[in-house]
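What follows is final-v8.cif (mmCIF, C-alpha atoms (C1' of nucleotides)).
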```cif
data_final
#
loop_
_atom_site.label_atom_id
_atom_site.label_comp_id
_atom_site.auth_asym_id
_atom_site.auth_seq_id
_atom_site.Cartn_x
_atom_site.Cartn_y
_atom_site.Cartn_z
CA MET A 1 -5.09 -31.82 19.41
CA LYS A 2 -2.40 -29.70 17.90
CA GLU A 3 -3.53 -26.60 16.14
CA LEU A 4 -0.93 -25.14 13.86
CA ARG A 5 -1.07 -21.42 13.52
CA VAL A 6 1.60 -19.20 12.09
CA LEU A 7 0.52 -15.60 11.95
CA GLN A 8 0.10 -14.42 15.52
CA PRO A 9 -1.65 -11.24 16.55
CA LEU A 10 0.57 -8.44 17.75
CA CYS A 11 -1.03 -7.98 21.11
CA CYS A 12 -1.36 -11.27 22.86
CA GLY A 13 0.44 -14.49 23.69
CA PRO A 14 0.84 -17.49 21.39
CA ASP A 15 -2.41 -19.20 22.43
CA VAL A 16 -4.99 -16.94 20.82
CA PRO A 17 -6.83 -19.23 18.41
CA PRO A 18 -7.95 -17.67 15.13
CA LEU A 19 -6.98 -14.30 13.80
CA HIS A 20 -9.90 -11.99 14.33
CA GLU A 21 -10.82 -9.47 11.74
CA GLU A 22 -9.58 -6.76 14.06
CA ALA A 23 -6.20 -8.42 14.57
CA ALA A 24 -5.81 -8.89 10.83
CA GLU A 25 -6.42 -5.19 10.31
CA GLU A 26 -3.91 -4.30 12.99
CA LEU A 27 -1.26 -6.56 11.49
CA ALA A 28 -1.95 -5.25 8.00
CA ALA A 29 -1.49 -1.70 9.28
CA VAL A 30 2.03 -2.50 10.50
CA PHE A 31 2.92 -4.19 7.24
CA ARG A 32 1.53 -1.22 5.36
CA ALA A 33 3.94 0.98 7.30
CA LEU A 34 6.80 -1.20 6.04
CA ALA A 35 5.49 -1.44 2.50
CA ASP A 36 7.76 1.24 1.07
CA PRO A 37 11.47 0.92 0.29
CA THR A 38 12.34 4.29 1.81
CA ARG A 39 10.64 3.35 5.06
CA VAL A 40 12.33 -0.04 5.10
CA GLY A 41 15.62 1.78 4.66
CA ILE A 42 14.86 4.19 7.48
CA VAL A 43 13.93 1.37 9.85
CA SER A 44 17.01 -0.58 8.87
CA ARG A 45 19.19 2.42 9.49
CA LEU A 46 17.64 3.24 12.84
CA ALA A 47 17.85 -0.44 13.74
CA SER A 48 21.62 -0.35 13.57
CA GLY A 49 21.44 1.54 16.83
CA GLU A 50 22.21 5.10 15.85
CA GLN A 51 19.80 7.95 16.31
CA CYS A 52 19.17 10.04 13.24
CA CYS A 53 17.81 13.51 12.79
CA VAL A 54 15.56 14.27 9.86
CA CYS A 55 18.29 16.02 7.91
CA ASP A 56 20.53 12.95 8.13
CA LEU A 57 17.79 10.80 6.65
CA THR A 58 16.94 13.38 4.01
CA GLU A 59 20.54 13.31 2.89
CA ALA A 60 20.75 9.52 2.97
CA PHE A 61 17.63 8.62 1.02
CA ASP A 62 17.46 10.99 -1.91
CA VAL A 63 13.96 12.25 -1.28
CA SER A 64 12.83 15.68 -0.15
CA GLN A 65 12.62 16.69 3.49
CA PRO A 66 8.80 16.81 3.54
CA THR A 67 8.75 13.28 2.14
CA VAL A 68 11.04 12.03 4.89
CA SER A 69 8.85 13.72 7.49
CA HIS A 70 5.84 12.07 5.91
CA HIS A 71 7.43 8.61 6.09
CA LEU A 72 8.53 9.16 9.66
CA ARG A 73 5.00 10.09 10.59
CA ILE A 74 3.71 6.84 9.14
CA LEU A 75 6.33 4.86 11.03
CA ARG A 76 5.49 6.78 14.19
CA ASP A 77 1.76 6.13 13.80
CA ALA A 78 2.53 2.44 13.37
CA GLY A 79 4.45 2.41 16.65
CA LEU A 80 7.74 1.50 15.02
CA VAL A 81 9.78 4.65 15.69
CA GLU A 82 9.70 7.52 18.18
CA ALA A 83 11.13 11.02 18.18
CA GLU A 84 12.87 13.20 20.73
CA ARG A 85 13.38 16.90 20.16
CA ARG A 86 16.67 18.48 21.15
CA GLY A 87 16.81 22.12 20.23
CA THR A 88 15.77 22.50 16.64
CA PHE A 89 16.60 18.91 15.87
CA ALA A 90 14.33 15.88 16.08
CA TYR A 91 16.15 12.64 16.73
CA TYR A 92 14.42 9.44 15.71
CA ARG A 93 15.04 5.96 17.02
CA LEU A 94 13.38 2.57 16.88
CA VAL A 95 10.78 1.87 19.52
CA PRO A 96 12.37 -0.69 21.82
CA ASP A 97 10.90 -4.16 21.28
CA ALA A 98 9.22 -3.14 18.03
CA ILE A 99 11.34 -5.59 16.07
CA GLU A 100 11.01 -8.35 18.63
CA ARG A 101 7.24 -7.92 18.58
CA LEU A 102 7.26 -8.21 14.83
CA GLN A 103 9.43 -11.30 14.88
CA ARG A 104 7.02 -12.97 17.24
CA VAL A 105 4.26 -12.52 14.67
CA PHE A 106 5.91 -15.12 12.48
CA VAL A 107 5.85 -18.26 14.54
CA PRO A 108 7.06 -21.32 12.63
CA ALA A 109 4.25 -23.84 12.40
CA GLU A 110 6.07 -26.65 14.21
CA LEU A 111 6.56 -24.40 17.25
CA ALA A 112 3.06 -22.95 17.44
CA THR A 113 1.39 -25.72 19.39
CA ALA A 114 -1.89 -25.32 21.21
CA MET B 1 33.55 -4.10 16.66
CA LYS B 2 29.96 -5.10 16.96
CA GLU B 3 27.64 -3.81 14.32
CA LEU B 4 24.02 -3.96 15.28
CA ARG B 5 21.68 -4.51 12.41
CA VAL B 6 18.08 -5.57 12.64
CA LEU B 7 16.39 -5.68 9.27
CA GLN B 8 18.06 -8.43 7.27
CA PRO B 9 17.66 -8.90 3.53
CA LEU B 10 15.53 -11.81 2.45
CA CYS B 11 18.12 -13.51 0.31
CA CYS B 12 21.35 -13.86 2.20
CA GLY B 13 22.86 -14.79 5.51
CA PRO B 14 23.07 -12.58 8.60
CA ASP B 15 26.40 -11.00 7.72
CA VAL B 16 25.42 -8.75 4.85
CA PRO B 17 26.31 -5.27 6.06
CA PRO B 18 23.94 -2.47 5.03
CA LEU B 19 20.62 -2.86 3.35
CA HIS B 20 21.09 -2.03 -0.31
CA GLU B 21 18.48 -0.13 -2.17
CA GLU B 22 17.60 -3.29 -4.05
CA ALA B 23 17.14 -5.32 -0.87
CA ALA B 24 14.96 -2.60 0.61
CA GLU B 25 12.73 -2.71 -2.44
CA GLU B 26 12.51 -6.49 -2.25
CA LEU B 27 11.58 -6.41 1.43
CA ALA B 28 9.04 -3.66 0.86
CA ALA B 29 7.43 -5.75 -1.87
CA VAL B 30 6.83 -8.61 0.55
CA PHE B 31 5.42 -6.27 3.17
CA ARG B 32 3.20 -4.72 0.53
CA ALA B 33 1.80 -8.17 -0.16
CA LEU B 34 0.87 -8.42 3.52
CA ALA B 35 -0.45 -4.87 3.77
CA ASP B 36 -4.10 -5.82 3.44
CA PRO B 37 -6.32 -7.38 6.12
CA THR B 38 -7.88 -9.87 3.72
CA ARG B 39 -4.47 -11.09 2.61
CA VAL B 40 -3.29 -11.32 6.21
CA GLY B 41 -6.37 -13.39 6.92
CA ILE B 42 -5.73 -15.66 3.96
CA VAL B 43 -2.12 -16.24 4.95
CA SER B 44 -3.12 -16.87 8.55
CA ARG B 45 -5.71 -19.39 7.43
CA LEU B 46 -3.37 -21.20 5.07
CA ALA B 47 -0.72 -21.12 7.78
CA SER B 48 -2.84 -23.29 10.01
CA GLY B 49 -1.93 -26.12 7.69
CA GLU B 50 -5.06 -26.68 5.69
CA GLN B 51 -5.25 -26.26 1.96
CA CYS B 52 -8.05 -24.04 0.72
CA CYS B 53 -9.70 -23.70 -2.63
CA VAL B 54 -10.75 -20.29 -3.84
CA CYS B 55 -14.41 -20.87 -3.07
CA ASP B 56 -13.58 -21.67 0.57
CA LEU B 57 -11.75 -18.38 0.91
CA THR B 58 -14.46 -16.46 -0.91
CA GLU B 59 -16.97 -17.77 1.57
CA ALA B 60 -14.73 -17.06 4.55
CA PHE B 61 -13.74 -13.48 3.84
CA ASP B 62 -16.85 -11.73 2.62
CA VAL B 63 -15.41 -10.39 -0.58
CA SER B 64 -16.20 -11.35 -4.15
CA GLN B 65 -14.52 -14.23 -5.92
CA PRO B 66 -12.56 -12.01 -8.34
CA THR B 67 -11.25 -10.07 -5.36
CA VAL B 68 -10.05 -13.26 -3.68
CA SER B 69 -8.36 -14.33 -6.92
CA HIS B 70 -6.72 -10.92 -7.10
CA HIS B 71 -5.38 -11.17 -3.56
CA LEU B 72 -4.13 -14.69 -4.17
CA ARG B 73 -2.28 -13.49 -7.23
CA ILE B 74 -0.52 -10.82 -5.19
CA LEU B 75 0.45 -13.37 -2.55
CA ARG B 76 1.62 -15.73 -5.29
CA ASP B 77 3.72 -13.05 -6.95
CA ALA B 78 5.30 -12.31 -3.59
CA GLY B 79 6.29 -15.94 -3.20
CA LEU B 80 4.15 -16.47 -0.12
CA VAL B 81 1.59 -18.97 -1.45
CA GLU B 82 1.39 -21.48 -4.24
CA ALA B 83 -1.47 -23.18 -6.07
CA GLU B 84 -2.16 -26.69 -7.29
CA ARG B 85 -5.00 -27.44 -9.66
CA ARG B 86 -7.10 -30.56 -9.13
CA GLY B 87 -9.92 -30.77 -11.60
CA THR B 88 -11.74 -27.49 -11.68
CA PHE B 89 -10.48 -26.58 -8.23
CA ALA B 90 -7.34 -24.67 -7.33
CA TYR B 91 -5.94 -25.50 -3.92
CA TYR B 92 -3.72 -22.92 -2.28
CA ARG B 93 -1.14 -23.47 0.44
CA LEU B 94 1.68 -21.56 2.02
CA VAL B 95 5.06 -21.82 0.36
CA PRO B 96 7.16 -23.91 2.74
CA ASP B 97 9.70 -21.78 4.62
CA ALA B 98 8.02 -18.54 3.57
CA ILE B 99 7.18 -17.72 7.17
CA GLU B 100 10.55 -18.84 8.50
CA ARG B 101 12.25 -16.65 5.91
CA LEU B 102 10.17 -13.71 7.02
CA GLN B 103 10.91 -14.33 10.67
CA ARG B 104 14.60 -14.28 9.93
CA VAL B 105 14.24 -10.76 8.53
CA PHE B 106 13.59 -9.44 12.02
CA VAL B 107 16.77 -10.17 13.92
CA PRO B 108 16.77 -8.72 17.43
CA ALA B 109 19.59 -6.23 17.77
CA GLU B 110 21.41 -8.02 20.58
CA LEU B 111 21.66 -11.17 18.45
CA ALA B 112 22.74 -9.56 15.20
CA THR B 113 26.46 -9.40 15.85
CA ALA B 114 29.02 -8.94 13.13
"C1'" DT C 1 -22.97 -32.09 -27.28
"C1'" DC C 2 -24.60 -28.95 -23.80
"C1'" DC C 3 -24.75 -27.35 -19.21
"C1'" DT C 4 -22.60 -26.46 -14.71
"C1'" DT C 5 -18.92 -25.46 -11.71
"C1'" DT C 6 -14.52 -23.30 -10.56
"C1'" DC C 7 -11.31 -19.97 -11.23
"C1'" DA C 8 -8.60 -16.18 -13.79
"C1'" DT C 9 -8.61 -12.05 -16.33
"C1'" DC C 10 -10.49 -7.62 -18.05
"C1'" DG C 11 -12.13 -2.96 -17.56
"C1'" DA C 12 -13.78 0.58 -14.70
"C1'" DA C 13 -14.71 3.32 -10.54
"C1'" DG C 14 -13.39 5.06 -6.18
"C1'" DA C 15 -10.02 5.34 -2.51
"C1'" DT C 16 -5.38 5.50 -0.91
"C1'" DT C 17 -0.54 6.58 -1.42
"C1'" DG C 18 4.04 8.86 -2.58
"C1'" DT C 19 5.97 12.89 -3.84
"C1'" DC C 20 6.90 17.66 -4.21
"C1'" DG C 21 6.97 22.95 -3.51
"C1'" DA C 22 5.21 26.31 -0.47
"C1'" DT C 23 4.41 27.65 3.99
"C1'" DG C 24 4.24 27.76 9.05
"C1'" DA C 25 6.06 26.92 13.80
"C1'" DG C 26 9.64 26.80 17.05
"C1'" DA C 27 14.47 27.21 18.73
"C1'" DG C 28 18.53 29.72 18.91
"C1'" DG C 29 22.39 32.92 17.43
"C1'" DA C 30 23.87 37.71 16.09
"C1'" DT D 1 14.73 42.33 17.07
"C1'" DC D 2 15.83 39.90 12.94
"C1'" DC D 3 17.76 36.20 10.61
"C1'" DT D 4 18.82 31.22 10.08
"C1'" DC D 5 18.16 26.52 10.73
"C1'" DT D 6 15.28 22.32 11.45
"C1'" DC D 7 11.20 20.13 11.00
"C1'" DA D 8 5.94 19.50 10.38
"C1'" DT D 9 1.90 20.47 7.85
"C1'" DC D 10 -0.82 21.87 3.73
"C1'" DG D 11 -2.45 21.45 -0.96
"C1'" DA D 12 -1.96 19.34 -5.26
"C1'" DC D 13 -0.94 15.91 -8.67
"C1'" DA D 14 0.20 11.44 -10.49
"C1'" DA D 15 0.51 6.68 -9.59
"C1'" DT D 16 -1.05 2.71 -7.36
"C1'" DC D 17 -4.43 -0.17 -5.07
"C1'" DT D 18 -8.96 -2.34 -3.84
"C1'" DT D 19 -13.06 -3.77 -5.32
"C1'" DC D 20 -16.68 -5.14 -8.28
"C1'" DG D 21 -19.53 -7.00 -12.37
"C1'" DA D 22 -18.84 -9.04 -16.73
"C1'" DT D 23 -16.59 -12.29 -19.34
"C1'" DG D 24 -13.54 -16.08 -20.72
"C1'" DA D 25 -11.19 -20.65 -20.13
"C1'" DA D 26 -10.91 -25.25 -18.59
"C1'" DA D 27 -12.74 -29.44 -16.48
"C1'" DG D 28 -16.26 -32.65 -15.89
"C1'" DG D 29 -21.07 -34.60 -15.59
"C1'" DA D 30 -25.58 -35.60 -17.92
#
```

For the file at hand, write its structure as structure tokens.
Amino acid sequence: MKELRVLQPLCCGPDVPPLHEEAAEELAAVFRALADPTRVGIVSRLASGEQCCVCDLTEAFDVSQPTVSHHLRILRDAGLVEAERRGTFAYYRLVPDAIERLQRVFVPAELATA
Amino acid sequence: MKELRVLQPLCCGPDVPPLHEEAAEELAAVFRALADPTRVGIVSRLASGEQCCVCDLTEAFDVSQPTVSHHLRILRDAGLVEAERRGTFAYYRLVPDAIERLQRVFVPAELATA
DNA sequence: TCCTTTCATCGAAGATTGTCGATGAGAGGA
DNA sequence: TCCTCTCATCGACAATCTTCGATGAAAGGA
């Protein structure tokens, strides 16, 4: 019997049957972190490989510095970005594998066989 | 020169350089539609292939019927699900390719060459 | 025709979110 | 030591979101 299943939980392999309430909440939390155009822009920018300090992002996205810090905190809490302090600067980068993990959530139906 | 770029816009191919403000807003809108555990659950359920009427989903997710209708409207507006009326029932299913389109948004850095 | 069933919409209440200015903490130069 | 620079946190306000009960619309059976 082939069970088609498209939205996969973040944590486990492709053979976890339903999508528990807990997994749905966890997935929704990640999507919530990406549910803002400024945050999408930040992730996209960091995803191009470069590290950015907060002042770079503040300049790039036309919002105030506290707002950028706020967005970075949300992305950090969601496990999407991480920071490294050098002197007075804080350099942000994507968490390695964060994107790959997200891509694996969307498994095309014809490939998600059980 | 290889330009690494991970978050792709929804609309176009993989060779669209930055992520315009407009594309970021469009992406964020889709993520916003998935930023709720009930909606994640609905999409996951529909993604397993079966069609569901509203009363099925109301029974499955422990929220009221107007709330389910509200969530379905948000998913519909985001282009993720579509409805077909048969008699007094409304059957919902995933929009074909909606998941594949989403998966293509997350392009692992080492594959996104320009 | 009248009643029932299914679903969408309306209006309201409470919670969450995005944004800012003000402020604080920490590093480093003069 | 004092000043400057970078960044995080706080407090507040407006906007948005989630949820519900009440109601309306459409289909169909008795």

Residue IDs satisfying the PyMOL selection byres ((chain C and resi 23) around 9), as a PDB file with C-alpha atoms (C1' of nucleotides), keeping the file's coordinate frame:
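See result-v4.pdb below for the written result:
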```pdb
ATOM      1  C1'  DA C  22       5.210  26.310  -0.470  1.00  0.00           C
ATOM      2  C1'  DG C  24       4.240  27.760   9.050  1.00  0.00           C
TER       3       DG C  24
ATOM      4  C1'  DT D   9       1.900  20.470   7.850  1.00  0.00           C
ATOM      5  C1'  DC D  10      -0.820  21.870   3.730  1.00  0.00           C
TER       6       DC D  10
END
```

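Residues lying within 12 Å of Val68 in chain B, counting only C-alpha atoms (C1' of nucleotides) and ignoring same-chain neighbours fewer than 4 positions away, are Asp36, Thr38, Arg39, Gly41, Ile42, Cys52, Cys53, Val54, Cys55, Asp56, Leu57, Thr58, Glu59, Ala60, Phe61, Asp62, Val63, Ser64, Leu72, Arg73, Ile74, Leu75 and Tyr92 of chain B; DC7 and DA8 of chain C; DT18, DT19 and DC20 of chain D.
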
Would you mind exporting the chosen residues as a PDB file, keeping the file's coordinate frame, restricted to C-alpha atoms (C1' of nucleotides)?
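Dumped to selection.pdb:
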```
ATOM      1  CA  ASP B  36      -4.100  -5.820   3.440  1.00  0.00           C
ATOM      2  CA  THR B  38      -7.880  -9.870   3.720  1.00  0.00           C
ATOM      3  CA  ARG B  39      -4.470 -11.090   2.610  1.00  0.00           C
ATOM      4  CA  GLY B  41      -6.370 -13.390   6.920  1.00  0.00           C
ATOM      5  CA  ILE B  42      -5.730 -15.660   3.960  1.00  0.00           C
ATOM      6  CA  CYS B  52      -8.050 -24.040   0.720  1.00  0.00           C
ATOM      7  CA  CYS B  53      -9.700 -23.700  -2.630  1.00  0.00           C
ATOM      8  CA  VAL B  54     -10.750 -20.290  -3.840  1.00  0.00           C
ATOM      9  CA  CYS B  55     -14.410 -20.870  -3.070  1.00  0.00           C
ATOM     10  CA  ASP B  56     -13.580 -21.670   0.570  1.00  0.00           C
ATOM     11  CA  LEU B  57     -11.750 -18.380   0.910  1.00  0.00           C
ATOM     12  CA  THR B  58     -14.460 -16.460  -0.910  1.00  0.00           C
ATOM     13  CA  GLU B  59     -16.970 -17.770   1.570  1.00  0.00           C
ATOM     14  CA  ALA B  60     -14.730 -17.060   4.550  1.00  0.00           C
ATOM     15  CA  PHE B  61     -13.740 -13.480   3.840  1.00  0.00           C
ATOM     16  CA  ASP B  62     -16.850 -11.730   2.620  1.00  0.00           C
ATOM     17  CA  VAL B  63     -15.410 -10.390  -0.580  1.00  0.00           C
ATOM     18  CA  SER B  64     -16.200 -11.350  -4.150  1.00  0.00           C
ATOM     19  CA  LEU B  72      -4.130 -14.690  -4.170  1.00  0.00           C
ATOM     20  CA  ARG B  73      -2.280 -13.490  -7.230  1.00  0.00           C
ATOM     21  CA  ILE B  74      -0.520 -10.820  -5.190  1.00  0.00           C
ATOM     22  CA  LEU B  75       0.450 -13.370  -2.550  1.00  0.00           C
ATOM     23  CA  TYR B  92      -3.720 -22.920  -2.280  1.00  0.00           C
TER      24      TYR B  92
ATOM     25  C1'  DC C   7     -11.310 -19.970 -11.230  1.00  0.00           C
ATOM     26  C1'  DA C   8      -8.600 -16.180 -13.790  1.00  0.00           C
TER      27       DA C   8
ATOM     28  C1'  DT D  18      -8.960  -2.340  -3.840  1.00  0.00           C
ATOM     29  C1'  DT D  19     -13.060  -3.770  -5.320  1.00  0.00           C
ATOM     30  C1'  DC D  20     -16.680  -5.140  -8.280  1.00  0.00           C
TER      31       DC D  20
END
```

With 8 Å as the limit and counting all atoms listed in the file, what residues in chain A lie close to chain D? Please list them as a list in words. Val54, Cys55, Pro66, Ser69, Thr88, Phe89 and Ala90 of chain A

Which distance in Å separates CA of Gly79 in chain B and CA of Glu100 in chain B, to one decimal?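 Distance between the two atoms: 12.8 Å.
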
Kindly give the distance, in Å, that separates CA of Glu82 in chain A and C1' of DC20 in chain C, rounded to a single decimal.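 Separation between CA of Glu82 in chain A and C1' of DC20 in chain C: 24.7 Å.
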
One-decimal distance in Å that lies between CA of Ala28 in chain A and CA of Val40 in chain B: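 Distance between the two atoms: 6.5 Å.
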
Could you list, as an NGL selection string, every residue of chain C that has an atom within 12 Å of an atom of chain B, counting all atoms listed in the file? :C and (4-10)

Residues as selected, C-alpha atoms (C1' of nucleotides), written as an mmCIF file, keeping the file's coordinate frame, can you do that?
```cif
data_model
loop_
_atom_site.group_PDB
_atom_site.id
_atom_site.type_symbol
_atom_site.label_atom_id
_atom_site.label_comp_id
_atom_site.auth_asym_id
_atom_site.auth_seq_id
_atom_site.Cartn_x
_atom_site.Cartn_y
_atom_site.Cartn_z
ATOM 1 C "C1'" DT C 4 -22.600 -26.460 -14.710
ATOM 2 C "C1'" DT C 5 -18.920 -25.460 -11.710
ATOM 3 C "C1'" DT C 6 -14.520 -23.300 -10.560
ATOM 4 C "C1'" DC C 7 -11.310 -19.970 -11.230
ATOM 5 C "C1'" DA C 8 -8.600 -16.180 -13.790
ATOM 6 C "C1'" DT C 9 -8.610 -12.050 -16.330
ATOM 7 C "C1'" DC C 10 -10.490 -7.620 -18.050
#
```

Which one is closest to chain A: B:Glu84, B:Glu25, B:Asp97, B:Glu50? Count only C-alpha atoms.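 Of the candidates, the smallest distance to chain A is held by B:Glu25.
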
Val30 in chain A: which residues within 9 Å, counting all atoms listed in the file, same-chain residues fewer than 4 positions away excluded, as a list in words?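 Listing them by chain and then by number gives Glu25, Glu26, Leu34, Ala35, Leu75, Ala78, Gly79, Leu80 and Leu102 of chain A; Phe31 and Ala35 of chain B.
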